>>> print(open('protein.txt').read())   # compact mmCIF, C-alpha atoms
# COMPACT_ATOMS: atom_id res chain seq x y z
CA MET Q 30 89.39 241.96 100.78
CA SER Q 31 88.85 239.92 97.62
CA LEU Q 32 90.91 236.80 97.09
CA TYR Q 33 92.41 236.80 93.58
CA LEU Q 34 92.77 233.29 92.12
CA ASP Q 35 93.02 234.09 88.40
CA ALA Q 36 96.80 234.12 87.93
CA ALA Q 37 96.56 232.43 84.53
CA ALA Q 38 94.86 235.59 83.27
CA THR Q 39 97.45 237.97 84.69
CA THR Q 40 99.59 238.66 87.75
CA PRO Q 41 100.45 241.86 89.61
CA VAL Q 42 103.70 243.54 88.66
CA ARG Q 43 106.51 242.67 91.05
CA ARG Q 44 108.01 245.58 92.93
CA GLU Q 45 111.47 244.47 91.81
CA ALA Q 46 110.37 244.64 88.18
CA LEU Q 47 108.92 248.11 88.65
CA GLU Q 48 112.09 249.35 90.31
CA ALA Q 49 114.28 247.81 87.59
CA MET Q 50 112.31 249.39 84.74
CA TRP Q 51 111.91 252.85 86.31
CA PRO Q 52 115.31 254.23 85.21
CA TYR Q 53 114.48 253.39 81.58
CA LEU Q 54 111.27 255.40 81.83
CA THR Q 55 113.05 258.41 83.30
CA GLY Q 56 116.79 259.13 83.21
CA ASP Q 57 117.81 256.45 80.68
CA PHE Q 58 114.77 256.91 78.45
CA GLY Q 59 116.73 257.03 75.18
CA ASN Q 60 115.97 255.13 71.99
CA PRO Q 61 118.40 252.17 71.89
CA SER Q 62 118.97 252.78 68.19
CA SER Q 63 120.29 256.30 68.83
CA THR Q 64 124.05 256.68 68.81
CA HIS Q 65 124.29 259.36 71.50
CA GLU Q 66 124.83 258.81 75.23
CA LEU Q 67 121.18 258.29 76.18
CA GLY Q 68 120.62 255.88 73.33
CA GLU Q 69 123.72 253.92 74.20
CA ARG Q 70 122.65 253.58 77.85
CA ALA Q 71 119.28 252.27 76.71
CA ALA Q 72 121.00 249.85 74.33
CA VAL Q 73 123.14 248.51 77.17
CA GLY Q 74 120.03 247.96 79.30
CA LEU Q 75 118.29 246.17 76.44
CA ALA Q 76 121.29 243.91 75.77
CA ASP Q 77 121.56 243.06 79.46
CA ALA Q 78 117.86 242.18 79.62
CA ARG Q 79 118.19 239.97 76.54
CA ALA Q 80 121.14 238.10 78.06
CA ARG Q 81 119.25 237.55 81.32
CA VAL Q 82 116.19 236.14 79.55
CA ALA Q 83 118.47 233.93 77.47
CA ALA Q 84 120.11 232.60 80.63
CA VAL Q 85 116.73 231.41 81.96
CA LEU Q 86 115.87 229.80 78.62
CA GLY Q 87 119.31 228.25 78.22
CA CYS Q 88 119.95 229.82 74.81
CA ARG Q 89 122.12 232.47 73.21
CA ALA Q 90 121.13 236.11 73.64
CA SER Q 91 120.96 236.46 69.86
CA GLU Q 92 118.15 233.87 69.83
CA VAL Q 93 115.80 236.00 71.99
CA THR Q 94 113.42 238.44 70.34
CA PHE Q 95 111.35 240.79 72.48
CA THR Q 96 107.68 241.05 71.54
CA SER Q 97 104.52 242.69 72.86
CA GLY Q 98 103.44 239.47 74.59
CA GLY Q 99 102.45 235.84 74.16
CA THR Q 100 100.06 236.38 71.26
CA GLU Q 101 102.64 238.16 69.12
CA GLY Q 102 105.26 235.60 70.09
CA ALA Q 103 103.07 232.71 68.98
CA ASN Q 104 102.22 234.50 65.74
CA LEU Q 105 105.87 235.22 65.00
CA ALA Q 106 106.91 231.65 65.71
CA VAL Q 107 104.12 229.87 63.84
CA LYS Q 108 103.78 232.16 60.83
CA GLY Q 109 107.38 233.28 60.72
CA LEU Q 110 108.93 229.84 60.82
CA ALA Q 111 106.41 228.21 58.49
CA LEU Q 112 106.69 230.91 55.83
CA ALA Q 113 110.48 230.91 55.92
CA ARG Q 114 110.91 227.18 55.29
CA PRO Q 115 111.15 225.84 51.77
CA ARG Q 116 110.16 222.37 53.02
CA GLY Q 117 106.45 221.45 53.02
CA ARG Q 118 103.36 223.56 53.59
CA ARG Q 119 101.69 221.74 56.45
CA VAL Q 120 101.42 222.67 60.11
CA VAL Q 121 100.25 220.46 62.97
CA THR Q 122 98.74 221.70 66.23
CA SER Q 123 96.33 220.31 68.81
CA PRO Q 124 92.69 221.39 69.21
CA ILE Q 125 93.35 222.76 72.73
CA GLU Q 126 95.96 225.34 71.76
CA HIS Q 127 95.62 229.01 72.62
CA GLU Q 128 93.69 231.02 70.04
CA ALA Q 129 96.92 232.75 69.00
CA VAL Q 130 98.34 229.46 67.76
CA LEU Q 131 95.13 228.18 66.17
CA ALA Q 132 94.44 231.49 64.43
CA SER Q 133 98.02 231.66 63.15
CA ALA Q 134 97.66 228.19 61.65
CA GLU Q 135 94.36 229.17 60.05
CA HIS Q 136 95.98 232.32 58.64
CA LEU Q 137 98.56 230.16 56.91
CA VAL Q 138 95.78 228.03 55.45
CA ARG Q 139 93.64 230.93 54.29
CA TRP Q 140 96.26 233.28 52.92
CA HIS Q 141 99.25 231.12 52.03
CA GLY Q 142 97.84 227.79 50.87
CA PHE Q 143 99.06 225.69 53.80
CA GLU Q 144 97.32 222.64 55.18
CA SER Q 145 96.65 222.39 58.91
CA SER Q 146 96.04 219.30 61.03
CA ARG Q 147 94.99 219.07 64.66
CA VAL Q 148 96.19 215.99 66.45
CA ALA Q 149 93.55 214.53 68.79
CA VAL Q 150 94.05 214.82 72.54
CA GLU Q 151 93.22 212.28 75.20
CA HIS Q 152 90.35 212.83 77.65
CA ASP Q 153 92.67 214.70 80.02
CA GLY Q 154 94.13 216.95 77.31
CA ARG Q 155 97.42 215.18 76.80
CA VAL Q 156 98.86 214.64 73.32
CA SER Q 157 100.37 211.20 72.95
CA ALA Q 158 103.52 210.66 70.93
CA ALA Q 159 101.72 207.96 68.95
CA ALA Q 160 98.91 210.33 67.99
CA LEU Q 161 101.36 213.01 66.94
CA GLU Q 162 103.40 210.55 64.89
CA ALA Q 163 100.23 209.51 63.07
CA ALA Q 164 99.48 213.16 62.24
CA LEU Q 165 102.93 213.86 60.82
CA SER Q 166 103.93 213.54 57.19
CA ASP Q 167 107.02 214.27 55.15
CA ASP Q 168 105.61 217.69 54.19
CA THR Q 169 104.98 218.79 57.79
CA THR Q 170 107.01 221.96 58.24
CA LEU Q 171 106.01 222.96 61.77
CA VAL Q 172 104.45 221.47 64.91
CA SER Q 173 103.09 223.78 67.62
CA ILE Q 174 102.04 222.19 70.93
CA GLY Q 175 101.75 224.21 74.14
CA CYS Q 176 103.76 223.33 77.25
CA ALA Q 177 100.74 223.71 79.51
CA ASN Q 178 97.12 224.56 78.80
CA ASN Q 179 95.69 227.76 80.23
CA GLU Q 180 92.15 226.42 80.71
CA ILE Q 181 92.71 222.94 82.14
CA GLY Q 182 96.32 223.08 83.32
CA THR Q 183 97.42 219.91 81.54
CA VAL Q 184 101.18 219.71 81.01
CA GLN Q 185 102.53 218.09 77.86
CA ASP Q 186 105.66 215.96 77.51
CA ILE Q 187 107.16 218.43 75.07
CA ALA Q 188 110.56 216.77 74.84
CA THR Q 189 109.02 213.47 73.70
CA LEU Q 190 106.65 215.18 71.27
CA ALA Q 191 109.47 217.32 69.90
CA ALA Q 192 111.61 214.25 69.30
CA ALA Q 193 108.81 212.66 67.28
CA ALA Q 194 108.34 215.80 65.20
CA ARG Q 195 112.03 216.34 64.57
CA GLU Q 196 112.36 212.70 63.48
CA ARG Q 197 110.15 213.67 60.54
CA GLY Q 198 112.10 216.86 59.87
CA ALA Q 199 109.55 219.31 61.30
CA LEU Q 200 110.36 222.36 63.36
CA VAL Q 201 108.75 222.62 66.81
CA HIS Q 202 107.26 225.62 68.61
CA THR Q 203 105.83 225.52 72.11
CA ASP Q 204 103.66 228.15 73.75
CA ALA Q 205 105.17 228.38 77.24
CA VAL Q 206 103.14 231.36 78.45
CA GLN Q 207 101.48 229.37 81.25
CA ALA Q 208 104.56 227.26 81.98
CA ALA Q 209 106.81 230.20 82.86
CA GLY Q 210 107.44 230.30 86.60
CA TRP Q 211 106.09 226.78 87.11
CA LEU Q 212 108.05 224.51 84.78
CA PRO Q 213 111.65 224.39 83.49
CA LEU Q 214 112.05 226.40 80.29
CA ASP Q 215 115.43 225.09 79.12
CA VAL Q 216 115.03 224.98 75.36
CA ALA Q 217 117.76 222.35 74.92
CA ALA Q 218 116.02 219.94 77.29
CA LEU Q 219 112.67 220.63 75.61
CA ALA Q 220 114.34 220.16 72.20
CA VAL Q 221 112.24 222.90 70.60
CA ASP Q 222 113.10 225.34 67.85
CA ALA Q 223 110.91 228.14 69.19
CA LEU Q 224 109.33 229.01 72.54
CA SER Q 225 107.15 232.00 73.44
CA ILE Q 226 106.47 233.62 76.83
CA SER Q 227 104.54 236.62 78.15
CA GLY Q 228 105.73 239.00 80.85
CA HIS Q 229 102.47 239.67 82.67
CA LYS Q 230 102.13 236.01 83.68
CA VAL Q 231 105.30 236.20 85.80
CA GLY Q 232 105.10 239.67 87.35
CA ALA Q 233 106.21 241.98 84.54
CA PRO Q 234 103.85 244.58 83.01
CA LYS Q 235 101.44 243.78 80.22
CA GLY Q 236 102.77 244.53 76.76
CA ILE Q 237 106.10 242.72 76.89
CA GLY Q 238 107.04 239.17 75.95
CA ALA Q 239 109.81 237.22 74.32
CA VAL Q 240 110.22 234.44 71.81
CA PHE Q 241 113.18 232.12 71.45
CA VAL Q 242 113.96 231.08 67.90
CA ARG Q 243 116.87 228.73 67.34
CA GLY Q 244 119.69 230.53 65.56
CA ARG Q 245 119.77 228.30 62.51
CA CYS Q 246 116.07 228.93 61.78
CA ALA Q 247 115.01 231.61 59.32
CA VAL Q 248 111.98 233.72 60.27
CA VAL Q 249 109.72 235.88 58.13
CA PRO Q 250 108.98 238.97 60.27
CA LEU Q 251 105.41 240.02 60.99
CA ILE Q 252 106.35 243.69 61.37
CA ASP Q 253 108.58 245.43 58.82
CA GLY Q 254 110.35 248.70 59.37
CA GLY Q 255 113.67 249.72 60.83
CA GLY Q 256 115.00 246.19 61.24
CA GLN Q 257 115.22 246.13 65.03
CA GLU Q 258 115.53 242.83 66.92
CA ARG Q 259 117.89 241.48 64.25
CA GLU Q 260 115.24 242.19 61.60
CA ARG Q 261 112.80 239.78 63.25
CA ARG Q 262 110.59 242.43 64.86
CA SER Q 263 110.88 246.04 63.70
CA GLY Q 264 109.87 248.94 65.90
CA THR Q 265 111.48 250.92 68.71
CA GLU Q 266 112.17 248.43 71.47
CA ASN Q 267 110.32 248.55 74.80
CA VAL Q 268 113.50 248.76 76.87
CA ALA Q 269 111.77 249.30 80.20
CA GLY Q 270 109.45 246.36 79.55
CA ALA Q 271 112.34 244.12 78.53
CA VAL Q 272 114.22 244.97 81.73
CA ALA Q 273 111.09 244.28 83.79
CA LEU Q 274 110.57 240.95 82.01
CA ALA Q 275 114.15 239.89 82.64
CA THR Q 276 113.88 240.80 86.31
CA ALA Q 277 110.53 239.08 86.87
CA LEU Q 278 111.55 235.98 84.93
CA GLU Q 279 114.77 235.61 86.89
CA LEU Q 280 112.89 235.88 90.19
CA ALA Q 281 110.23 233.42 89.04
CA GLU Q 282 112.90 230.93 87.99
CA ARG Q 283 114.75 231.35 91.29
CA GLU Q 284 111.56 230.64 93.27
CA ARG Q 285 110.12 228.04 90.90
CA ALA Q 286 111.02 224.75 92.58
CA GLU Q 287 109.89 225.82 96.06
CA ALA Q 288 106.73 227.51 94.76
CA ALA Q 289 105.74 224.54 92.61
CA GLU Q 290 106.05 222.11 95.51
CA ARG Q 291 104.25 224.30 98.05
CA VAL Q 292 101.46 225.54 95.76
CA GLY Q 293 101.00 222.07 94.24
CA ALA Q 294 100.28 220.64 97.69
CA LEU Q 295 97.76 223.41 98.43
CA ARG Q 296 96.13 222.82 95.04
CA GLU Q 297 95.73 219.11 95.84
CA ASP Q 298 93.99 219.96 99.11
CA LEU Q 299 91.71 222.44 97.35
CA VAL Q 300 90.75 219.91 94.66
CA ALA Q 301 90.03 217.23 97.28
CA SER Q 302 87.86 219.62 99.29
CA VAL Q 303 85.84 220.71 96.25
CA LEU Q 304 85.28 217.16 95.01
CA ALA Q 305 84.22 216.08 98.50
CA GLY Q 306 81.92 219.07 98.97
CA VAL Q 307 80.38 218.86 95.47
CA PRO Q 308 80.17 215.12 94.68
CA THR Q 309 78.96 215.76 91.11
CA ALA Q 310 81.88 218.07 90.29
CA GLN Q 311 84.21 217.03 87.49
CA LEU Q 312 87.91 217.89 87.55
CA THR Q 313 88.94 218.80 84.00
CA GLY Q 314 92.41 218.15 82.61
CA SER Q 315 95.02 215.74 83.88
CA ALA Q 316 94.91 214.75 87.54
CA THR Q 317 98.65 213.99 87.55
CA SER Q 318 100.34 215.96 84.74
CA ARG Q 319 99.12 219.40 85.73
CA LEU Q 320 100.41 222.88 86.52
CA PRO Q 321 100.94 223.20 90.29
CA GLY Q 322 98.64 226.19 90.68
CA HIS Q 323 95.82 225.06 88.41
CA ALA Q 324 92.41 223.62 89.38
CA SER Q 325 89.57 223.53 86.87
CA PHE Q 326 86.11 222.02 87.30
CA CYS Q 327 82.76 221.55 85.65
CA PHE Q 328 79.68 221.66 87.87
CA PRO Q 329 76.85 219.93 85.96
CA GLY Q 330 73.46 221.40 86.68
CA THR Q 331 74.77 224.94 87.14
CA SER Q 332 75.91 227.85 85.03
CA GLY Q 333 79.60 228.63 85.18
CA GLU Q 334 78.91 232.36 84.99
CA ALA Q 335 76.38 232.11 87.83
CA VAL Q 336 78.93 230.30 89.99
CA LEU Q 337 81.48 233.02 89.21
CA LEU Q 338 79.04 235.70 90.34
CA GLU Q 339 78.30 233.83 93.56
CA LEU Q 340 82.02 233.45 94.21
CA GLU Q 341 82.60 237.15 93.61
CA ARG Q 342 79.85 237.94 96.10
CA ARG Q 343 81.87 235.86 98.55
CA GLY Q 344 85.05 237.75 97.72
CA VAL Q 345 86.73 235.09 95.57
CA LEU Q 346 87.78 236.14 92.06
CA VAL Q 347 88.20 233.32 89.54
CA SER Q 348 87.29 232.74 85.88
CA SER Q 349 85.43 230.33 83.65
CA GLY Q 350 88.43 229.78 81.38
CA SER Q 351 90.69 231.79 79.12
CA ALA Q 352 90.48 235.55 79.66
CA CYS Q 353 91.06 235.91 75.91
CA ALA Q 354 87.70 234.22 75.26
CA ALA Q 355 85.73 235.99 78.00
CA GLY Q 356 82.30 237.23 76.94
CA ARG Q 357 81.78 234.65 74.20
CA ASP Q 358 78.61 232.57 74.27
CA GLU Q 359 80.02 229.39 72.75
CA PRO Q 360 81.51 226.65 74.96
CA SER Q 361 85.26 226.40 75.39
CA HIS Q 362 86.99 224.79 72.42
CA VAL Q 363 89.38 223.18 74.90
CA LEU Q 364 86.64 221.41 76.88
CA LEU Q 365 84.83 220.31 73.73
CA ALA Q 366 88.08 218.78 72.45
CA LEU Q 367 88.21 216.65 75.62
CA GLY Q 368 84.83 215.17 74.72
CA ILE Q 369 82.92 217.13 77.35
CA ASP Q 370 79.30 217.84 76.44
CA ALA Q 371 78.64 221.44 75.41
CA GLU Q 372 76.08 221.95 78.17
CA VAL Q 373 78.48 220.65 80.82
CA ALA Q 374 81.31 222.73 79.33
CA GLY Q 375 79.19 225.80 80.04
CA THR Q 376 79.52 225.10 83.77
CA ALA Q 377 83.32 225.44 83.84
CA VAL Q 378 85.16 227.28 86.61
CA ARG Q 379 88.94 227.76 86.69
CA LEU Q 380 91.09 228.61 89.69
CA THR Q 381 94.72 229.52 89.07
CA LEU Q 382 96.71 230.14 92.22
CA PRO Q 383 99.42 232.80 92.56
CA THR Q 384 102.73 231.77 94.07
CA SER Q 385 101.89 233.80 97.18
CA VAL Q 386 98.75 231.78 98.00
CA THR Q 387 98.35 230.40 101.53
CA ALA Q 388 96.58 227.41 103.06
CA VAL Q 389 94.05 229.73 104.68
CA GLU Q 390 93.23 231.21 101.27
CA THR Q 391 92.83 227.87 99.47
CA SER Q 392 90.61 226.60 102.30
CA ARG Q 393 88.52 229.76 102.00
CA ALA Q 394 88.26 229.27 98.24
CA ALA Q 395 87.18 225.63 98.52
CA ALA Q 396 84.47 226.48 101.06
CA ALA Q 397 83.28 229.37 98.88
CA ILE Q 398 82.99 227.09 95.84
CA VAL Q 399 80.91 224.54 97.72
CA ASP Q 400 78.61 227.30 98.98
CA ALA Q 401 78.42 229.02 95.58
CA VAL Q 402 77.47 225.84 93.71
CA ALA Q 403 74.80 225.07 96.30
CA ALA Q 404 73.44 228.60 95.99
CA VAL Q 405 73.21 228.37 92.19
CA ARG Q 406 71.52 224.99 92.32
CA ALA Q 407 69.04 226.28 94.86
>>> encode(input="protein.txt", output="structure tokens")
Amino acid sequence: MSLYLDAAATTPVRREALEAMWPYLTGDFGNPSSTHELGERAAVGLADARARVAAVLGCRASEVTFTSGGTEGANLAVKGLALARPRGRRVVTSPIEHEAVLASAEHLVRWHGFESSRVAVEHDGRVSAAALEAALSDDTTLVSIGCANNEIGTVQDIATLAAAARERGALVHTDAVQAAGWLPLDVAALAVDALSISGHKVGAPKGIGAVFVRGRCAVVPLIDGGGQERERRSGTENVAGAVALATALELAERERAEAAERVGALREDLVASVLAGVPTAQLTGSATSRLPGHASFCFPGTSGEAVLLELERRGVLVSSGSACAAGRDEPSHVLLALGIDAEVAGTAVRLTLPTSVTAVETSRAAAAIVDAVAAVRA
């Protein structure tokens, strides 16, 4: 049986989430905007799901908007907040952000006359407070820095970065898609104005996500229509998906501390085994400030895609980076931003461990990597 180590791309739906959403696909299938009995039951389920998501994020239920996933959430936060603010027309991101954030910033530049700056990252992907402060100006309206990077696993000190941004009067959004289930998501502790998550990273189905937007912040909606989601996101709500997201997110939060400690230790063993077995391997991202389940390498002298094929032949399923960029010929923008040579960046392999991973499985994966790299080089 194949060993799946690509949890940053997606995760299987939890049974609990499936069971929780089933009634809203069958007996309680009503439109939550309808005023009859079925609609009212759906509306109750939607409100309950919103309150449960809010409890994990540490915010008010009215500050949670359900979306179709992380990409829409990032778009709504970046475009929606920037366009709604009378102050300034400048956004600041980093060069290692998810394409949803970078493309949203570029949309503001191209179609709305904004300016966009990308604050430089250190060699391990971290954004320093000093670098961010240097990139800020009095006309900066929004800063968007991700909690944790999907390709290299580096975790940012969002609270410190947010404090620097807010000192200059800017709003702060963080893409927490990869952080959910691994890191605390309390928006007060992070001191952010917006935070986006995606359900299929924590065991809910694809096609559901949520974005927190602080209540005092105005948002220009991306989708106009019937005014659902407090006029922030029109369209008939995905009640079943929202219930599944709430259920999966609650379970992930309940298990988070134990899973992070256990999986982090297994990840450390895997990294040590790979670096010992392939002396020329390069660990990408931060060695210390890193998602517990994330291990990413470059193997100079190979092809990342060839290593992936060799690993799949050995029954280990991993990726070369972001699933959203799969199939592109150009090197990863994240690795290039770290100063890694384009040729070396083309040798990247990413392992992202599910919370269910075992020591036997990580040992198997490490041995398979060593063998796969040797096979490609031969």
>>> residues_near_point(input="protein.txt", point="(86.0, 221.1, 73.6)", cutoff="12 Å", atoms="all atoms listed in the file", output="VMD selection string")
chain Q and resid 123 to 126 149 to 154 180 to 181 313 to 314 350 359 to 375 377
>>> closest_residue(input="protein.txt", among="Q:Thr381, Q:Ser349, Q:Thr203, Q:Thr276", to="Val231 in chain Q", atoms="only C-alpha atoms")
Q:Thr276
>>> closest_residue(input="protein.txt", among="Q:Leu75, Q:Leu280, Q:Ala310, Q:Val120", to="Gln257 in chain Q", atoms="only C-alpha atoms")
Q:Leu75
>>> closest_residue(input="protein.txt", among="Q:Leu105, Q:Ala84, Q:Val345, Q:Ala335", to="Ile252 in chain Q", atoms="all atoms listed in the file")
Q:Leu105
>>> closest_residue(input="protein.txt", among="Q:Val347, Q:Ala208, Q:Val216, Q:Leu340", to="Ala397 in chain Q", atoms="all atoms listed in the file")
Q:Leu340
>>> atom_distance(input="protein.txt", atom1="CA of Arg89 in chain Q", atom2="CA of Asp222 in chain Q")
12.7 Å
>>> atom_distance(input="protein.txt", atom1="CA of Phe95 in chain Q", atom2="CA of Asn179 in chain Q")
21.8 Å
>>> atom_distance(input="protein.txt", atom1="CA of Pro41 in chain Q", atom2="CA of Gly228 in chain Q")
10.6 Å
>>> closest_residue(input="protein.txt", among="Q:Leu224, Q:Ala132, Q:Ala205, Q:Cys88", to="Gly182 in chain Q", atoms="all atoms listed in the file")
Q:Ala205
>>> closest_residue(input="protein.txt", among="Q:Leu200, Q:Val148, Q:Ala217, Q:Leu137", to="Leu171 in chain Q", atoms="all atoms listed in the file")
Q:Leu200
>>> build_atoms(input="protein.txt", residues="range 392-401 of chain Q", atoms="all heavy atoms", output="compact mmCIF listing (two decimals), in the coordinates of the input")
# COMPACT_ATOMS: atom_id res chain seq x y z
N SER Q 392 91.73 227.14 101.53
CA SER Q 392 90.61 226.60 102.30
C SER Q 392 89.38 227.50 102.15
O SER Q 392 88.25 227.01 102.00
CB SER Q 392 90.98 226.47 103.78
OG SER Q 392 92.01 225.53 103.96
N ARG Q 393 89.63 228.80 102.20
CA ARG Q 393 88.52 229.76 102.00
C ARG Q 393 87.91 229.59 100.61
O ARG Q 393 86.68 229.61 100.45
CB ARG Q 393 89.05 231.18 102.18
CG ARG Q 393 88.05 232.28 101.83
CD ARG Q 393 88.72 233.64 101.90
NE ARG Q 393 87.88 234.67 101.31
CZ ARG Q 393 88.27 235.93 101.07
NH1 ARG Q 393 89.51 236.30 101.41
NH2 ARG Q 393 87.45 236.80 100.51
N ALA Q 394 88.75 229.43 99.61
CA ALA Q 394 88.26 229.27 98.24
C ALA Q 394 87.43 228.01 98.08
O ALA Q 394 86.36 228.02 97.46
CB ALA Q 394 89.43 229.26 97.26
N ALA Q 395 87.91 226.89 98.63
CA ALA Q 395 87.18 225.63 98.52
C ALA Q 395 85.80 225.74 99.18
O ALA Q 395 84.80 225.30 98.61
CB ALA Q 395 87.99 224.50 99.15
N ALA Q 396 85.75 226.32 100.37
CA ALA Q 396 84.47 226.48 101.06
C ALA Q 396 83.53 227.39 100.27
O ALA Q 396 82.32 227.12 100.17
CB ALA Q 396 84.70 227.05 102.45
N ALA Q 397 84.09 228.45 99.67
CA ALA Q 397 83.28 229.37 98.88
C ALA Q 397 82.70 228.68 97.65
O ALA Q 397 81.55 228.94 97.25
CB ALA Q 397 84.10 230.58 98.47
N ILE Q 398 83.48 227.81 97.03
CA ILE Q 398 82.99 227.09 95.84
C ILE Q 398 81.83 226.18 96.21
O ILE Q 398 80.80 226.15 95.53
CB ILE Q 398 84.14 226.28 95.19
CG1 ILE Q 398 85.14 227.23 94.53
CG2 ILE Q 398 83.58 225.30 94.16
CD1 ILE Q 398 86.37 226.54 94.02
N VAL Q 399 81.99 225.44 97.28
CA VAL Q 399 80.91 224.54 97.72
C VAL Q 399 79.64 225.34 97.99
O VAL Q 399 78.53 224.96 97.55
CB VAL Q 399 81.34 223.76 98.99
CG1 VAL Q 399 80.18 222.95 99.52
CG2 VAL Q 399 82.54 222.86 98.66
N ASP Q 400 79.77 226.47 98.68
CA ASP Q 400 78.61 227.30 98.98
C ASP Q 400 78.01 227.92 97.70
O ASP Q 400 76.79 228.00 97.54
CB ASP Q 400 78.99 228.42 99.94
CG ASP Q 400 79.31 227.90 101.34
OD1 ASP Q 400 78.95 226.74 101.62
OD2 ASP Q 400 79.91 228.67 102.12
N ALA Q 401 78.88 228.37 96.79
CA ALA Q 401 78.42 229.02 95.58
C ALA Q 401 77.65 228.06 94.68
O ALA Q 401 76.60 228.40 94.13
CB ALA Q 401 79.60 229.61 94.81
